[in-house]
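Q: Sending over target-v5.txt (compact mmCIF, C-alpha atoms).
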# COMPACT_ATOMS: atom_id res chain seq x y z
CA MET A 26 0.00 0.00 0.00
CA SER A 27 2.73 2.34 0.99
CA ASP A 28 4.55 1.55 -2.22
CA GLU A 29 1.42 2.06 -4.24
CA LEU A 30 0.75 5.52 -2.79
CA ASP A 31 4.40 6.39 -3.22
CA ARG A 32 4.22 5.37 -6.87
CA GLU A 33 0.98 7.24 -7.45
CA LEU A 34 2.43 10.40 -5.96
CA ARG A 35 5.52 10.17 -8.12
CA THR A 36 3.44 9.54 -11.24
CA LEU A 37 1.30 12.52 -10.34
CA ALA A 38 4.36 14.74 -9.83
CA ARG A 39 5.94 13.72 -13.11
CA GLY A 40 2.73 14.30 -15.04
CA LEU A 41 1.99 17.75 -13.64
CA VAL A 42 2.02 20.48 -16.22
CA THR A 43 3.24 23.82 -14.98
CA ARG A 44 3.12 26.77 -17.28
CA ASP A 45 6.43 28.37 -18.15
CA PRO A 46 7.24 31.74 -16.68
CA SER A 47 6.37 34.50 -19.11
CA PRO A 48 9.29 36.09 -20.95
CA GLU A 49 8.51 39.36 -19.16
CA LEU A 50 9.29 37.86 -15.75
CA ALA A 51 13.06 37.80 -16.26
CA ALA A 52 13.00 41.30 -17.77
CA ARG A 53 10.95 42.72 -14.89
CA VAL A 54 13.27 41.18 -12.30
CA ALA A 55 16.33 42.45 -14.17
CA ASP A 56 14.86 45.98 -14.26
CA ARG A 57 14.09 46.02 -10.57
CA VAL A 58 17.41 44.49 -9.57
CA ALA A 59 19.40 46.92 -11.75
CA SER A 60 18.38 49.83 -9.55
CA LEU A 61 19.36 48.07 -6.32
CA PRO A 62 22.82 48.25 -4.77
CA VAL A 63 25.12 45.25 -5.25
CA PRO A 64 24.53 43.03 -2.23
CA ARG A 65 27.63 42.60 -0.09
CA ARG A 66 28.24 39.56 1.99
CA THR A 67 27.69 40.39 5.62
CA VAL A 68 30.37 39.60 8.17
CA GLY A 69 27.96 37.25 9.88
CA ALA A 70 27.36 35.29 6.70
CA ARG A 71 31.08 35.13 6.06
CA LEU A 72 31.93 33.78 9.47
CA ARG A 73 28.99 31.48 9.85
CA THR A 74 30.64 28.60 8.06
CA ARG A 75 34.05 27.09 7.80
CA ALA A 76 33.82 27.73 4.08
CA GLY A 77 33.53 31.41 4.87
CA TRP A 78 36.53 31.14 7.09
CA ILE A 79 38.49 29.65 4.21
CA VAL A 80 37.53 32.56 1.97
CA ALA A 81 38.90 35.00 4.48
CA GLY A 82 42.06 32.92 4.83
CA ILE A 83 42.63 32.57 1.14
CA VAL A 84 41.93 36.14 0.32
CA GLY A 85 44.43 37.12 3.01
CA LEU A 86 46.89 34.80 1.38
CA LEU A 87 46.44 36.44 -1.96
CA GLY A 88 46.85 39.86 -0.48
CA THR A 89 43.63 41.23 -1.93
CA THR A 90 40.67 42.76 -0.21
CA LEU A 91 37.54 40.84 0.54
CA ALA A 92 35.46 42.41 -2.15
CA VAL A 93 33.91 39.12 -3.14
CA SER A 94 30.53 39.86 -4.58
CA PRO A 95 28.22 37.08 -3.47
CA VAL A 96 26.88 36.97 -6.98
CA GLY A 97 30.27 35.95 -8.30
CA ALA A 98 31.21 33.84 -5.31
CA THR A 99 28.12 31.70 -5.47
CA VAL A 100 28.01 31.26 -9.21
CA ALA A 101 29.38 27.72 -8.95
CA GLU A 102 26.69 26.80 -6.44
CA TRP A 103 23.90 27.98 -8.70
CA PHE A 104 25.09 25.55 -11.26
CA GLY A 105 25.55 22.83 -8.66
CA PHE A 106 29.30 22.38 -8.92
CA HIS A 107 29.97 21.36 -5.40
CA GLY A 108 33.49 21.91 -4.27
CA VAL A 109 34.39 24.58 -6.81
CA MET A 110 34.12 28.27 -6.03
CA VAL A 111 34.62 30.89 -8.66
CA ARG A 112 35.49 34.49 -8.07
CA GLU A 113 34.98 36.62 -11.14
CA ASP A 114 38.06 38.74 -11.12
CA VAL A 115 41.43 39.18 -12.73
CA SER A 116 44.25 37.41 -10.94
CA ASP A 117 47.39 39.13 -9.72
CA LEU A 118 49.45 36.19 -10.94
CA THR A 119 51.17 36.59 -14.27
CA GLY A 120 53.23 34.37 -16.57
CA ASP A 121 52.46 31.15 -18.37
CA PRO A 122 50.44 28.48 -16.60
CA VAL A 123 52.31 25.25 -15.87
CA VAL A 124 50.15 22.18 -15.41
CA PRO A 125 51.54 20.26 -12.43
CA VAL A 126 52.57 16.66 -13.02
CA GLU A 127 51.58 14.15 -10.35
CA PRO A 128 54.84 12.67 -9.08
CA ASN A 129 53.27 9.61 -7.42
CA ARG A 130 52.28 6.45 -9.16
CA LEU A 131 49.69 4.91 -6.90
CA SER A 132 47.61 2.08 -8.25
CA LEU A 133 43.92 2.82 -8.79
CA GLU A 134 43.15 0.60 -5.80
CA GLU A 135 45.53 2.51 -3.53
CA ALA A 136 44.05 5.81 -4.64
CA ALA A 137 40.54 4.42 -4.08
CA ASP A 138 41.48 3.34 -0.53
CA ILE A 139 42.67 6.82 0.37
CA ALA A 140 39.92 8.82 -1.31
CA GLY A 141 37.02 6.48 -0.59
CA PHE A 142 35.89 6.21 -4.24
CA ARG A 143 37.24 4.54 -7.34
CA PRO A 144 38.68 7.13 -9.72
CA LEU A 145 37.07 7.34 -13.16
CA LEU A 146 39.27 7.03 -16.24
CA PRO A 147 38.95 8.50 -19.74
CA ASP A 148 38.89 6.29 -22.84
CA ALA A 149 40.29 9.12 -24.90
CA ILE A 150 43.82 8.65 -23.62
CA GLY A 151 45.89 5.78 -22.20
CA ALA A 152 46.74 5.01 -18.57
CA PRO A 153 47.90 8.02 -16.53
CA ASP A 154 51.63 8.52 -15.78
CA GLY A 155 50.91 9.80 -12.30
CA ILE A 156 48.19 9.10 -9.73
CA SER A 157 48.03 10.71 -6.29
CA ALA A 158 45.40 10.87 -3.61
CA ARG A 159 45.15 13.22 -0.66
CA GLY A 160 42.10 13.62 1.50
CA ASP A 161 39.13 13.01 -0.72
CA LEU A 162 40.89 14.20 -3.85
CA VAL A 163 42.41 11.99 -6.54
CA SER A 164 44.66 13.56 -9.19
CA LEU A 165 45.78 11.91 -12.41
CA SER A 166 48.23 13.31 -14.93
CA TRP A 167 49.39 12.46 -18.43
CA ARG A 168 52.57 13.80 -20.00
CA SER A 169 52.83 14.17 -23.74
CA ALA A 170 54.67 16.20 -26.35
CA GLY A 171 51.75 18.61 -26.37
CA GLY A 172 52.10 19.30 -22.64
CA THR A 173 50.69 17.88 -19.44
CA VAL A 174 47.00 17.15 -18.96
CA ARG A 175 45.65 16.54 -15.49
CA LEU A 176 42.35 15.35 -14.12
CA ASP A 177 41.31 16.01 -10.52
CA GLU A 178 38.40 14.07 -9.09
CA PHE A 179 36.70 14.53 -5.76
CA ARG A 180 33.44 13.86 -4.10
CA GLY A 181 31.52 17.12 -4.12
CA SER A 182 30.74 18.49 -0.72
CA LEU A 183 29.52 21.80 0.58
CA GLU A 184 33.03 22.79 1.44
CA PRO A 185 34.93 23.93 -1.62
CA THR A 186 38.15 22.25 -2.62
CA PHE A 187 39.03 24.50 -5.54
CA TRP A 188 38.93 28.26 -5.43
CA LYS A 189 39.21 29.91 -8.78
CA THR A 190 39.70 33.51 -9.66
CA ALA A 191 38.81 33.89 -13.30
CA PRO A 192 37.78 36.85 -15.42
CA ASP A 193 35.62 34.68 -17.61
CA SER A 194 33.88 31.37 -17.21
CA VAL A 195 31.48 29.88 -19.70
CA LEU A 196 28.60 27.51 -19.17
CA VAL A 197 28.95 24.58 -21.61
CA GLU A 198 27.62 21.02 -21.80
CA VAL A 199 29.21 17.62 -21.23
CA ASP A 200 26.89 14.70 -22.01
CA ASP A 201 23.97 17.17 -22.05
CA ARG A 202 24.75 18.30 -18.53
CA ASP A 203 26.06 21.66 -17.42
CA ALA A 204 29.79 22.16 -17.22
CA LEU A 205 31.97 25.20 -16.58
CA TRP A 206 34.74 26.10 -19.00
CA PHE A 207 37.57 28.45 -18.11
CA PRO A 208 39.10 29.27 -21.49
CA THR A 209 42.03 31.34 -20.28
CA ALA A 210 44.76 31.08 -17.69
CA HIS A 211 43.29 31.70 -14.24
CA GLU A 212 44.31 31.54 -10.64
CA VAL A 213 43.45 28.45 -8.64
CA VAL A 214 43.85 27.66 -4.96
CA VAL A 215 43.43 24.06 -3.86
CA VAL A 216 42.37 23.11 -0.35
CA PRO A 217 42.88 19.31 -0.42
CA ASP A 218 41.10 18.69 2.84
CA ALA A 219 38.50 21.42 2.94
CA GLY A 220 38.36 23.14 6.27
CA THR A 221 41.97 22.68 7.29
CA PRO A 222 44.69 25.25 6.81
CA GLN A 223 46.55 22.84 4.55
CA THR A 224 46.36 24.93 1.41
CA LEU A 225 48.57 24.69 -1.63
CA ALA A 226 50.06 27.92 -2.91
CA PRO A 227 47.92 29.69 -5.49
CA ARG A 228 49.04 29.01 -9.01
CA LEU A 229 48.10 30.01 -12.51
CA ALA A 230 45.99 27.28 -14.11
CA ALA A 231 45.71 26.41 -17.79
CA PRO A 232 42.28 26.19 -19.49
CA THR A 233 40.02 24.06 -17.35
CA LEU A 234 36.74 22.21 -17.69
CA VAL A 235 34.67 21.36 -14.60
CA TRP A 236 31.80 18.88 -14.76
CA LEU A 237 29.98 16.32 -12.65
CA VAL A 238 29.63 12.56 -12.90
CA GLY A 239 27.26 11.25 -10.24
CA ASP A 240 28.41 12.73 -6.96
CA LEU A 241 31.95 13.29 -8.21
CA THR A 242 33.20 16.65 -9.39
CA LEU A 243 35.80 16.39 -12.15
CA ARG A 244 38.24 19.04 -13.21
CA LEU A 245 40.30 18.70 -16.38
CA GLU A 246 43.20 21.04 -16.96
CA GLY A 247 45.58 21.34 -19.90
CA ASP A 248 46.42 23.21 -23.03
CA LEU A 249 43.20 22.07 -24.70
CA THR A 250 40.52 23.64 -26.83
CA LEU A 251 36.93 23.45 -25.61
CA SER A 252 36.04 20.69 -28.07
CA GLU A 253 39.10 18.64 -27.09
CA ALA A 254 38.25 19.07 -23.43
CA VAL A 255 34.61 18.08 -23.96
CA ALA A 256 35.63 15.01 -26.03
CA PHE A 257 37.98 13.99 -23.21
CA ALA A 258 35.31 14.60 -20.57
CA GLU A 259 32.69 12.61 -22.44
CA SER A 260 35.04 9.62 -22.62
CA VAL A 261 35.42 9.49 -18.83
CA HIS A 262 33.40 6.83 -17.07
CA MET B 28 26.54 47.07 -10.33
CA ARG B 29 29.06 45.09 -12.28
CA SER B 30 27.68 43.84 -15.56
CA GLY B 31 29.01 40.36 -14.77
CA ASP B 32 26.81 40.27 -11.70
CA ARG B 33 23.78 41.40 -13.63
CA ASP B 34 24.38 38.69 -16.23
CA ALA B 35 24.95 36.13 -13.51
CA TYR B 36 21.71 37.04 -11.80
CA ALA B 37 19.84 37.00 -15.11
CA GLU B 38 21.18 33.48 -15.66
CA LEU B 39 20.04 32.52 -12.19
CA VAL B 40 16.55 33.84 -12.88
CA ARG B 41 16.42 31.98 -16.16
CA ARG B 42 17.40 28.69 -14.52
CA HIS B 43 15.34 28.86 -11.37
CA ALA B 44 12.19 30.70 -12.44
CA PRO B 45 10.37 27.57 -13.71
CA THR B 46 10.89 25.69 -10.42
CA ALA B 47 10.05 28.81 -8.45
CA LEU B 48 6.82 29.21 -10.40
CA ARG B 49 5.89 25.56 -9.92
CA THR B 50 6.54 25.93 -6.20
CA ALA B 51 4.36 29.02 -5.93
CA VAL B 52 1.52 27.35 -7.88
CA LEU B 53 1.65 24.16 -5.85
CA LEU B 54 1.83 25.99 -2.54
CA GLY B 55 -1.33 27.83 -3.49
CA ALA B 56 -0.43 31.16 -5.08
CA GLY B 57 -2.95 30.44 -7.84
CA SER B 58 -3.15 32.89 -10.71
CA ASP B 59 -0.88 35.33 -8.87
CA ALA B 60 2.01 32.87 -8.89
CA GLU B 61 4.08 34.85 -11.35
CA ASP B 62 3.81 38.05 -9.29
CA VAL B 63 4.77 36.08 -6.21
CA VAL B 64 7.82 34.69 -7.99
CA GLN B 65 8.84 38.11 -9.27
CA GLU B 66 8.68 39.48 -5.73
CA ALA B 67 10.62 36.49 -4.40
CA LEU B 68 13.39 36.84 -6.99
CA VAL B 69 13.88 40.51 -6.13
CA LYS B 70 13.92 39.69 -2.40
CA ALA B 71 16.40 36.88 -3.03
CA TYR B 72 18.71 39.33 -4.76
CA ARG B 73 18.47 41.72 -1.83
CA SER B 74 19.26 38.89 0.58
CA LEU B 75 22.22 37.49 -1.35
CA GLY B 76 24.54 39.08 1.18
CA SER B 77 23.21 36.78 3.87
CA PHE B 78 23.20 33.66 1.72
CA ARG B 79 25.37 31.14 3.54
CA GLU B 80 28.31 30.48 1.30
CA GLY B 81 28.50 26.91 0.12
CA ALA B 82 24.87 26.18 0.94
CA PRO B 83 22.75 24.86 -1.93
CA PHE B 84 21.05 27.71 -3.71
CA ARG B 85 17.76 26.16 -4.84
CA PRO B 86 16.23 25.36 -1.41
CA TRP B 87 17.29 28.79 -0.21
CA LEU B 88 15.46 30.45 -3.08
CA LEU B 89 12.39 28.21 -2.76
CA ARG B 90 12.19 29.11 0.90
CA ILE B 91 11.81 32.74 -0.09
CA VAL B 92 9.19 31.72 -2.66
CA ALA B 93 7.30 29.69 -0.02
CA ASN B 94 7.41 32.60 2.38
CA GLU B 95 6.24 35.03 -0.27
CA THR B 96 3.38 32.65 -1.13
CA ARG B 97 2.32 32.63 2.52
CA ASN B 98 2.46 36.43 2.69
CA HIS B 99 0.39 36.62 -0.44
CA HIS B 100 -2.21 34.32 1.08
CA ARG B 101 -2.56 36.57 4.06
CA THR B 102 -3.28 39.65 2.00
CA ALA B 103 -5.15 38.28 -1.00
CA VAL B 104 -8.86 37.74 -1.02
CA ARG B 105 -9.17 34.01 -0.50
CA ARG B 106 -11.19 32.02 -2.93
CA THR B 107 -13.04 29.10 -1.49
CA ALA B 108 -11.09 25.90 -1.09
CA ARG B 109 -13.33 24.21 -3.62
CA GLU B 110 -12.56 26.81 -6.28
CA ASP B 111 -8.85 26.50 -5.54
CA ARG B 112 -8.97 22.75 -6.00
CA ALA B 113 -10.84 22.93 -9.26
CA THR B 114 -8.39 25.50 -10.58
CA LEU B 115 -5.37 23.51 -9.47
CA ALA B 116 -6.48 20.29 -11.17
CA GLU B 117 -7.42 22.22 -14.28
CA GLU B 118 -4.13 24.01 -14.35
CA LEU B 119 -1.82 21.14 -13.47
CA LEU B 120 -3.20 18.02 -15.10
CA ASP B 121 -2.29 17.13 -18.63
CA PRO B 122 -5.40 17.44 -20.83
CA GLY B 123 -3.94 14.60 -22.91
CA ASP B 124 -4.26 12.09 -20.04
CA GLU B 125 -6.60 9.12 -20.39
CA VAL B 126 -9.89 9.77 -18.62
CA ALA B 127 -9.27 7.05 -16.00
CA ASP B 128 -5.75 8.33 -15.32
CA ARG B 129 -7.01 11.82 -15.03
CA GLU B 130 -9.70 10.86 -12.56
CA GLN B 131 -7.21 9.04 -10.41
CA LYS B 132 -4.87 12.03 -10.44
CA GLU B 133 -7.72 14.42 -9.66
CA HIS B 134 -8.63 12.33 -6.64
CA LEU B 135 -5.07 12.24 -5.41
CA LEU B 136 -4.58 15.96 -5.96
CA ALA B 137 -7.88 16.69 -4.20
CA ALA B 138 -6.84 14.45 -1.30
CA ILE B 139 -3.55 16.33 -0.96
CA GLU B 140 -5.34 19.66 -1.17
CA SER B 141 -7.73 18.67 1.60
CA LEU B 142 -4.92 17.89 4.05
CA PRO B 143 -4.42 20.38 6.88
CA ASP B 144 -2.02 23.14 5.77
CA ARG B 145 0.93 21.89 7.78
CA LEU B 146 0.77 18.38 6.35
CA ARG B 147 -0.10 19.51 2.85
CA ALA B 148 2.94 21.76 2.58
CA VAL B 149 5.30 18.92 3.54
CA VAL B 150 3.69 16.38 1.18
CA THR B 151 3.70 18.96 -1.63
CA CYS B 152 7.39 19.79 -1.21
CA ARG B 153 8.52 16.22 -0.78
CA TYR B 154 6.43 14.62 -3.53
CA LEU B 155 5.05 17.17 -5.95
CA LEU B 156 8.18 19.31 -5.98
CA GLU B 157 10.39 16.25 -5.54
CA LEU B 158 12.60 17.83 -2.89
CA ASP B 159 14.41 15.59 -0.42
CA GLU B 160 13.73 15.77 3.32
CA ARG B 161 16.57 18.15 4.02
CA GLU B 162 15.51 20.52 1.23
CA THR B 163 11.92 20.33 2.42
CA ALA B 164 13.07 21.29 5.91
CA THR B 165 14.95 24.30 4.52
CA VAL B 166 12.11 25.47 2.29
CA LEU B 167 9.49 25.25 5.04
CA ARG B 168 11.81 26.39 7.85
CA LEU B 169 11.15 23.23 9.84
CA PRO B 170 13.43 20.89 11.78
CA LYS B 171 14.15 17.71 9.83
CA GLY B 172 12.42 15.58 12.47
CA THR B 173 9.22 17.59 12.03
CA VAL B 174 9.37 17.07 8.27
CA LYS B 175 9.64 13.31 8.83
CA SER B 176 6.74 13.13 11.27
CA ARG B 177 4.46 15.40 9.25
CA LEU B 178 5.27 13.45 6.13
CA SER B 179 4.31 10.16 7.70
CA ARG B 180 1.12 11.68 9.15
CA GLY B 181 0.30 13.24 5.81
CA LEU B 182 0.78 9.96 3.96
CA ALA B 183 -1.31 8.09 6.54
CA ARG B 184 -4.16 10.57 6.03
CA LEU B 185 -3.91 10.26 2.28
CA ARG B 186 -4.14 6.48 2.54
CA GLU B 187 -7.23 6.74 4.71
CA GLN B 188 -8.90 9.23 2.42
CA LEU B 189 -8.13 7.32 -0.72
CA ALA B 190 -9.32 4.05 0.82
CA THR B 191 -12.61 5.71 1.85
CA ALA B 192 -13.03 7.25 -1.56
CA GLU B 193 -12.33 3.87 -3.17
CA VAL B 194 -15.01 2.17 -1.07
CA GLY B 195 -17.37 5.02 -1.87
CA ARG B 196 -16.75 4.73 -5.60
CA GLU B 197 -17.16 0.96 -5.60
CA ALA B 198 -20.36 1.24 -3.60
CA GLY B 199 -21.60 3.80 -6.09
CA HIS B 200 -20.94 1.49 -9.02
CA VAL B 201 -22.79 -1.46 -7.50
For the structure just supplied, provide its representation as structure tokens.
A:
Amino acid sequence: MSDELDRELRTLARGLVTRDPSPELAARVADRVASLPVPRRTVGARLRTRAGWIVAGIVGLLGTTLAVSPVGATVAEWFGFHGVMVREDVSDLTGDPVVPVEPNRLSLEEAADIAGFRPLLPDAIGAPDGISARGDLVSLSWRSAGGTVRLDEFRGSLEPTFWKTAPDSVLVEVDDRDALWFPTAHEVVVVPDAGTPQTLAPRLAAPTLVWLVGDLTLRLEGDLTLSEAVAFAESVH
Amino acid sequence: MRSGDRDAYAELVRRHAPTALRTAVLLGAGSDAEDVVQEALVKAYRSLGSFREGAPFRPWLLRIVANETRNHHRTAVRRTAREDRATLAEELLDPGDEVADREQKEHLLAAIESLPDRLRAVVTCRYLLELDERETATVLRLPKGTVKSRLSRGLARLREQLATAEVGREAGHV
């Protein structure tokens, strides 16, 4: 009986027809919002969570002021990319991005033991040269004549692992699902075990694609075009 | 305002407006649902500064929508419950459904609508909006334990009502 009601409710929910919002809705909201001041994150909201604490810590580290507009800071959350925070800004770092090679060569099983999940592999390229795992993050890298490509995988949580400062990020699709593409060099800070002060130094990252597979967040970095990155991403399973 | 922010918020509106509208309709905003959503989206923008970083955005927004729907209820001239129900079924059910399917759905929808407000809101969020228990708790500003208990009470009532209606219909056919 319980199953039957459950099923009926789900069938009802799936079959409900809701009208689409009128095209004027977005325009009216945009008009009203345009005349309002940019909302600033309150100190209380910043300090309420450990994630907020990390923002303060990292921003201190970068030597910039905490002028993080919540609109920019939460952009990743709107799109559901747990564990990745994006700040829309130009980085202070200059030079050419160098994609770090993973020095370790763990087996997939060893990495899975440390991280608590089995890392996914792409079909588009052979076995990785380097595999490391720290906290709940697994990193794979491939070296080739064209440069290094790396793939970071972690189980998305509310606490961000990657903090990106990028002037431009683009919403794209991988397997018909939303993905974020950072076409240009951008600053990235990695917090391997979110919530601890163990933070790697900020570095300049190469073009990067971020997408989700199940509850894993994947991050591909390398000197790739968008179509190469998407082809790589779609071969990961 | 930075243009990037304006674009980002426009994108947010584009993505979340359909769910927000569905929420307002199902929680009873009726034909004013779009106005309610517009108000909620502007309020959400104003409150972005207090949005807890790292928290999921959708339940946070839907909570504002739910609240705005409640406010609207308080001020609007209430139609009778019967009119509301008729409108809801008319608005939400697919006209292409088979007659038997449609009748079954109408009964279920009517049964949900006749639940006491507190139970109806929980059943609506959990089942019709397909939120999980934690999201339901956020949207309705309730402790998770309360969501669980109201959900089980709500489902028990639905079972009773549907069983009674079933007996009634069978008796009517005989």
Q: By how many Å are atom CA of Val42 of chain A and atom CA of Cys152 of chain B apart?
A: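 Distance reported for this atom pair: 16.0 Å.
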Q: Using the file's own x, y and z axes, so that the box edges lie along x, y and z, what centre and edge lengths in Å (one decimal) does a box around every listed atom of segment 128-144 of chain B get when 3 Å is added on each side? Give it as lines of an AutoDock Vina configuration file.
A:
center_x = -5.9
center_y = 15.7
center_z = -4.2
size_x = 13.7
size_y = 20.8
size_z = 28.2
Q: Could you check how far atom CA of Trp236 of chain A sits from atom CA of Leu155 of chain B, in Å to one decimal?
A: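 If I compute the distance from atom CA of Trp236 of chain A to atom CA of Leu155 of chain B, I get 28.2 Å.
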Q: Using Å and a single decimal, report how far atom CA of Asp201 of chain A sits from atom CA of Ala152 of chain A.
A: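 If I compute the distance from atom CA of Ala152 of chain A to atom CA of Asp201 of chain A, I get 26.0 Å.
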Q: Which residue, A:Asp203, A:Ser132, A:Gly160, A:Pro208, has the smallest gap to chain B when you use only C-alpha atoms?
A: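 Looking at the shortest contact to chain B, the residue is A:Asp203.
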Q: Would you list the contacts of segment 35-37 of chain A as a ChimeraX atom specification, taking every protein, DNA or RNA residue within 9 Å and counting all atoms listed in the file, but skipping same-chain residues closer than 2 positions in sequence?
A: /A:30-33,39-41 /B:120,132,135-136,154-155,157
Q: Ranking B:Arg153, B:His100, B:Arg145, B:Arg177 by minimum distance to chain A and counting all atoms listed in the file, which one comes first?
A: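 Of B:Arg153, B:His100, B:Arg145, B:Arg177, the one nearest chain A, counting all atoms listed in the file, is B:Arg153.
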